[in-house]
Amino acid sequence: MYQSPIKVKLSSTVIVLLKWKNSKIPKSFNKKPLKNYDYRVMMVKRSNDIKFLPLSHVFPGGAVDENDNSEEWENVIEKPIPSNLPIRISALREIFEETNFFLDKNDILINNKNKSIKTTIQKLQNNLMNKETSKTNNFLLNFIKESGIKLKLDQLYQWARWITPILGPNQTHRFDTYFYITPIYQYPKSCKIDGSENIEMDWFSPEEALEEHKIGKISLPTPTWLTINQLSKCHTIDQAIELAKKRDSLNILYDPIITKPTIVSTTTNMVSQERYQVLTGDYIYEKEHQQNQQPFTSSSSSTTTTINPNQKNRLITRSSIGDLNNQFSWIHEYQNNVPGSIDCQYDGANTISPNYLKK
């Protein structure tokens, strides 16, 4: 079996969908009336101090830590115990750390009418952010135990898994990130940004997020951009959850290979750059996989198969100003003509002509 030369870390990210109507949203968000959708998606803006993709708008999440793997978590989770429990626990913890609410039983665990709970929650937040003391204390597990409440995490639906591509010789690790979707139907009053890893929190419909990215107001990394495009065909939260359940059953995996880090064209006065990320089923991806036996892919058979050289499943990122280092100039495009692919319906989506404009 092929072994990745770079350490791979498990992580999670959560796509929180909020049913917008009657949710009593704080006026500070100053949102326009919602059009074409009945939900908005939580997104956070990463701090400029973050090394990877600073200032990008992403879904909250982070790496699975040792405490998330404790077998004692099964004692505070309602049965049947859901699959990949440590990854779900990391999703629970990261959402709480970054946005101060719990994915389940939030109104009970953070009771705003109980003045003493605010002190307890702030202490818990401080303890979790202290990575040194967290190594020897499972603060979140102890808090849940003391509450006497059992959590139910089966409303986290696995939308996809994304593996960080190999980026270069100095790369120290890759992430195997589980993208979960979960619906909420009331705005969590305790919700606030952590102010360290992330500096802003906002709520967007798929259309709003794609438009803001298009005009360069926010920057969406390719996995986030593709996920928003996929959601853009779901105009109700019920449609989104039905699609999430279907995708959950398929265990969809994206393990991109960067094949053309920078392609410089001087055919026009403005220099353009492109970055290709090829995915499972793409001719270049499958050819590369057969040669190198890349890990993680669903195409792990050693049998050589004939692949149509015109077959594409790829993400292309260009710069509107000819500088891929400027993430606010990114123009993404998705191509997929792989027969039977669940994502071929998004073929042709791009930043200039977003998916929600296509019939």
# chains A, B, ... in the order shown; residues from 1 in each chain; ligands from 1
>>> residues_around(residues="Pro309 (chain A)", least_positions_apart="3", cutoff="10 Å", atoms="only C-alpha atoms", output="list in words")
Asp282, Tyr283, Ile284, Lys287, Thr306 and Lys312 of chain A
>>> residues_around(residues="Ala244 (chain A)", least_positions_apart="2", cutoff="10 Å", atoms="only C-alpha atoms", output="list in words")
Leu156, Tyr157, Gln158, Trp159, Ala160, Tyr180, Ile181, Thr182, Leu231, Asp238, Gln239, Ala240, Ile241, Glu242, Lys246, Arg247, Asp248, Ser249 and Leu250 of chain A
>>> select_by_dssp(residues="region 93-195 of chain A", states="helix (DSSP H, G or I)", output="NGL selection string")
:A and (93-99 or 106-109 or 115-129 or 131-134 or 139-147)
>>> residues_around(residues="Arg314 (chain A)", least_positions_apart="4", cutoff="7 Å", atoms="only C-alpha atoms", output="list in words")
Tyr276, Gln277, Val278, Leu279, Asp282, Tyr334, Gln335 and Asn336 of chain A
>>> closest_residue(among="A:Leu140, A:Ala349, A:Ile228, A:Val16", to="Asn67 (chain A)", atoms="only C-alpha atoms")
A:Leu140
>>> residues_around(residues="region 92-106 of chain A", least_positions_apart="6", cutoff="8 Å", atoms="only C-alpha atoms", output="compact mmCIF listing (two decimals) with N, CA and C atoms, in the first residue's frame")
# COMPACT_ATOMS: atom_id res chain seq x y z
N VAL A 14 -17.86 22.28 9.92
CA VAL A 14 -19.32 22.18 10.00
C VAL A 14 -19.99 23.30 9.21
N PRO A 60 -16.57 27.00 10.09
CA PRO A 60 -15.77 26.75 11.29
C PRO A 60 -15.40 25.28 11.43
N GLY A 61 -14.22 25.03 12.02
CA GLY A 61 -13.77 23.66 12.21
C GLY A 61 -12.31 23.61 12.59
N GLY A 62 -11.78 22.39 12.72
CA GLY A 62 -10.38 22.25 13.08
C GLY A 62 -10.01 20.79 13.27
N GLN A 125 -14.29 28.10 27.90
CA GLN A 125 -13.65 28.62 26.69
C GLN A 125 -12.16 28.87 26.92
N LEU A 128 -10.25 25.58 27.16
CA LEU A 128 -10.10 24.91 25.87
C LEU A 128 -9.07 25.59 24.99
N MET A 129 -8.96 26.89 25.11
CA MET A 129 -8.00 27.63 24.30
C MET A 129 -6.57 27.48 24.82
N LEU A 140 -14.04 19.77 28.07
CA LEU A 140 -15.37 19.73 27.46
C LEU A 140 -16.14 18.49 27.91
N LEU A 151 -25.86 14.01 24.73
CA LEU A 151 -25.93 14.69 23.44
C LEU A 151 -26.34 13.73 22.33
N LYS A 152 -26.90 14.30 21.30
CA LYS A 152 -27.29 13.53 20.13
C LYS A 152 -26.64 14.19 18.92
N LEU A 153 -25.70 13.49 18.29
CA LEU A 153 -24.93 14.08 17.20
C LEU A 153 -25.27 13.45 15.85
N PRO A 188 -28.88 30.78 17.65
CA PRO A 188 -28.37 30.56 19.02
C PRO A 188 -27.93 31.88 19.65
N SER A 190 -26.36 32.65 22.21
CA SER A 190 -25.01 32.72 22.77
C SER A 190 -23.93 32.89 21.71
N CYS A 191 -24.32 32.79 20.45
CA CYS A 191 -23.35 32.74 19.35
C CYS A 191 -22.53 34.02 19.25
N LYS A 192 -21.20 33.86 19.24
CA LYS A 192 -20.29 34.99 19.05
C LYS A 192 -18.95 34.45 18.56
N ILE A 193 -18.18 35.32 17.94
CA ILE A 193 -16.91 34.92 17.35
C ILE A 193 -15.84 34.84 18.43
N ASP A 194 -14.86 33.95 18.23
CA ASP A 194 -13.82 33.77 19.25
C ASP A 194 -12.81 34.92 19.26
N GLU A 197 -8.69 32.91 16.29
CA GLU A 197 -8.53 32.24 15.00
C GLU A 197 -9.36 32.94 13.93
N ASN A 198 -10.52 33.43 14.33
CA ASN A 198 -11.44 34.08 13.40
C ASN A 198 -11.77 35.48 13.91
>>> closest_residue(among="A:Ser196, A:Asn350, A:Thr317, A:Ser205", to="Arg46 (chain A)", atoms="only C-alpha atoms")
A:Ser196
>>> atom_distance(atom1="CA of Met201 (chain A)", atom2="CA of Met43 (chain A)")
5.8 Å
>>> closest_residue(among="A:Lys245, A:Lys150, A:Lys233, A:Lys24", to="Pro80 (chain A)", atoms="only C-alpha atoms")
A:Lys150
>>> residues_around(residues="region 32-35 of chain A", least_positions_apart="3", cutoff="9 Å", atoms="only C-alpha atoms", output="number ranges by chain")
A: 20-21, 38-40, 205, 207
>>> select_by_dssp(residues="region 54-303 of chain A", states="strand (DSSP E)", output="ChimeraX atom specification")
/A:57-58,61-63,157-163,173-184,198-204,253-254,257-260,274-278
>>> closest_residue(among="A:Gln291, A:Asn229, A:Ser83, A:Thr236", to="Thr351 (chain A)", atoms="only C-alpha atoms")
A:Asn229
>>> closest_residue(among="A:Pro339, A:Gly216, A:Pro223, A:Gly281", to="Ser320 (chain A)", atoms="only C-alpha atoms")
A:Gly216
>>> closest_residue(among="A:Ile108, A:Ile257, A:Leu167, A:Ile199", to="Lys45 (chain A)", atoms="only C-alpha atoms")
A:Ile199
>>> atom_distance(atom1="CA of Pro165 (chain A)", atom2="CA of Glu211 (chain A)")
26.7 Å
>>> atom_distance(atom1="CA of Thr280 (chain A)", atom2="CA of Asn313 (chain A)")
6.7 Å
